[in-house]
Amino acid sequence: MRADPVEQPGSSAGEGDRRAPAAGAHARGLAGAGEPLVQVRDLVKHFPLTRGIVMQRRIGAVRAVDGVSFDVHRGETLGLVGETGCGKSTTAKLIMRLLDPTAGEVRFDGRDITRLRGARLKAVRREMQIVFQDPYSSLNPRKTVGSIIAEPYAIHSLKRSKGERKRAVQALMETVGLNPEHYNRYPHEFSGGQRQRIGVARALALKPKLLIADEPVSALDVSIQAQVLNLLTDLRTRLGLTYLFVAHDLSVVKHISDRVAVMYLGKIVEIGPPDVLYSMPGHPYTRALLSAVPVPDPVAERRRRRVILKGDVPSPVNPPSGCRFHTRCWLYERLGQPENCRTVNPELTPVVGVEDHLAACHYWDEALKTDVGTAHMSEKLVRRGTPAAALASLAATNGNAPAEPVLEGPAFADETVESEGDAPTANDAFSVEDPASTDTRTDRVDPF
């Protein structure tokens, strides 16, 4: 039993102007094509801290998001990355209006939606949807998959006949790679990846212009992550969707995004195209993140200059003055602790010579002079070893084939071995792993 083909967004009367002009077009080709779909300006969200039970008084605030600005162009995927607690998910919820902002402005399709209420906000919600992080808690276990996916139709009074609604839901299930015959099953009867597909189908029901994916693959196995990412990429191409993709995995974000924004402690510290940002990061924090990305090439891995950040992330209740990263910044230490890093908050400024690349650092030019975090990153990684010969050697060990010489590891021309008594040296005023090291230690003590 096959469901009817899913109706393409913008194909019905009155919806032709609700779709991006080119399905799957990349951001750099669309940047000058008109007004962005989403415009975020100086967005702020402070959660108050109170004391007392009957007579409560405010004693402070958690500065979850503190002055974030960016655009999302039609048809592009903007990746939003950063470590846990930096404000990524809060930013996504503010754009969706699941949270009310403390200050700032969110414009969607040319309209200011920051203060919308009631029916006007409900109408905007038809055009923007969200896929939540946890596919286990975001689906009601008491409802069937059919009723979960059909819920947007019930809320917005669409497709009121039972038969029409069922056909639409089964078409959506087929679109996201689910069997339409499983319409009456419950969420516990599906795997994690299938549950996330159910969440995607529910988000697509109203044919939105913007789809916000809040860490949609972080709770899934690696193989299932690839399936969900490929599904999202395919849907963007077929349906002309615009994505805000929130994640903490840099490899995942690079795979799917047209532009990448890096957040730290409630602020965006760098934004740019992934090929440029991953090869020439202008912010020390971005370089620290990239230094932790493993690569499947032993030779490249030995070139890694791993940055070991000192201390913990400062509290968002009382963030540092000036640059919020300066308390952990390796470049700040290397340059002799410049005063403006402690006193002046850096704004996002263009990195010279690179289009659409902005970094919030006073000394981004100094960061570009180093290879910290990027020495091991390359698009031309080499696969080492001979899998066929390895299998033959294993078979010989088990007595299933004639004995062959034992395989040896590949010789690395640039590999050097330190004598047992040699101590590691450092020529920079920050802690990095020795590029020539053949061990896997990442907890090297700062020599200073």
# chains A, B, ... in the order shown; residues from 1 in each chain; ligands from 1
>>> select_by_dssp(residues="stretch 161-363 of chain A", states="strand (DSSP E)", output="VMD selection string")
chain A and resid 210 to 214 242 to 246 259 to 264 267 to 272 349 to 350 358 to 359
>>> write_last_selection(atoms="C-alpha atoms", output="short mmCIF file (atom, residue, chain, number, x, y, z; two decimals), in the first residue's frame")
data_model
loop_
_atom_site.label_atom_id
_atom_site.label_comp_id
_atom_site.auth_asym_id
_atom_site.auth_seq_id
_atom_site.Cartn_x
_atom_site.Cartn_y
_atom_site.Cartn_z
CA LEU A 210 11.74 27.56 8.38
CA LEU A 211 12.65 24.33 10.16
CA ILE A 212 14.66 24.61 13.39
CA ALA A 213 16.50 21.39 14.26
CA ASP A 214 17.57 21.50 17.91
CA THR A 242 15.43 26.80 5.30
CA TYR A 243 17.21 25.30 8.34
CA LEU A 244 18.58 26.58 11.60
CA PHE A 245 20.61 23.54 12.68
CA VAL A 246 21.67 23.54 16.33
CA ARG A 259 27.21 28.88 7.12
CA VAL A 260 28.32 28.17 10.68
CA ALA A 261 27.92 30.40 13.75
CA VAL A 262 29.93 29.64 16.91
CA MET A 263 28.46 30.61 20.29
CA TYR A 264 30.24 31.05 23.61
CA LYS A 267 27.28 35.47 22.37
CA ILE A 268 28.21 34.63 18.79
CA VAL A 269 31.99 34.80 18.52
CA GLU A 270 32.44 33.79 14.88
CA ILE A 271 30.33 33.18 11.79
CA GLY A 272 31.22 32.24 8.23
CA THR A 349 34.19 42.34 12.48
CA PRO A 350 35.02 41.12 8.96
CA LEU A 358 33.16 37.61 10.87
CA ALA A 359 35.01 37.12 14.15
#
>>> atom_distance(atom1="atom CA of A:Pro152", atom2="atom CA of A:Val200")
12.4 Å
>>> closest_residue(among="A:Lys93, A:Arg126, A:Lys207, A:Arg107", to="A:Val40", atoms="only C-alpha atoms")
A:Arg107
>>> residues_around(residues="stretch 230-235 of chain A", least_positions_apart="6", cutoff="10 Å", atoms="only C-alpha atoms", output="list of chain:residue names")
A:Ala23, A:Gly24, A:Thr77, A:Thr175, A:Val176, A:Gly177, A:Arg197, A:Val200, A:Leu204, A:Leu211, A:Ala213, A:Ile224, A:Leu241, A:Tyr243, A:His255, A:Ile256, A:Ser257
>>> atom_distance(atom1="atom CA of A:Val317", atom2="atom CA of A:Arg117")
29.3 Å
>>> closest_residue(among="A:Ala360, A:Val354, A:Ala367, A:Leu220", to="A:Pro281", atoms="only C-alpha atoms")
A:Ala367
>>> atom_distance(atom1="atom CA of A:Arg202", atom2="atom CA of A:Val106")
24.1 Å
>>> select_by_dssp(residues="stretch 154-396 of chain A", states="alpha helix (DSSP H)", output="VMD selection string")
chain A and resid 154 to 155 162 to 175 192 to 204 222 to 239 250 to 256 274 to 279 284 to 290 298 to 301 330 to 334 339 to 343 364 to 368 387 to 396
>>> residues_around(residues="A:Ala247", least_positions_apart="2", cutoff="7 Å", atoms="only C-alpha atoms", output="list in words")
Leu80, Val81, Asp214, Glu215, Phe245, Asp249 and Val253 of chain A
>>> residues_around(residues="stretch 361-366 of chain A", least_positions_apart="2", cutoff="10 Å", atoms="only C-alpha atoms", output="PyMOL selection string")
chain A and resi 269-270+281-285+323+325-326+331-332+335+338+340-341+344-352+358-359+368-370
>>> closest_residue(among="A:Ser279, A:Asn179, A:Thr114, A:Gln56", to="A:Asp42", atoms="only C-alpha atoms")
A:Thr114
>>> closest_residue(among="A:Gly373, A:Glu333, A:Val217, A:Pro316", to="A:Tyr278", atoms="only C-alpha atoms")
A:Gly373
>>> closest_residue(among="A:Leu78, A:Val44, A:Cys329, A:Val222", to="A:Ala103", atoms="only C-alpha atoms")
A:Val44
>>> closest_residue(among="A:Leu289, A:Ala201, A:Val68, A:Val307", to="A:Glu105", atoms="only C-alpha atoms")
A:Val68
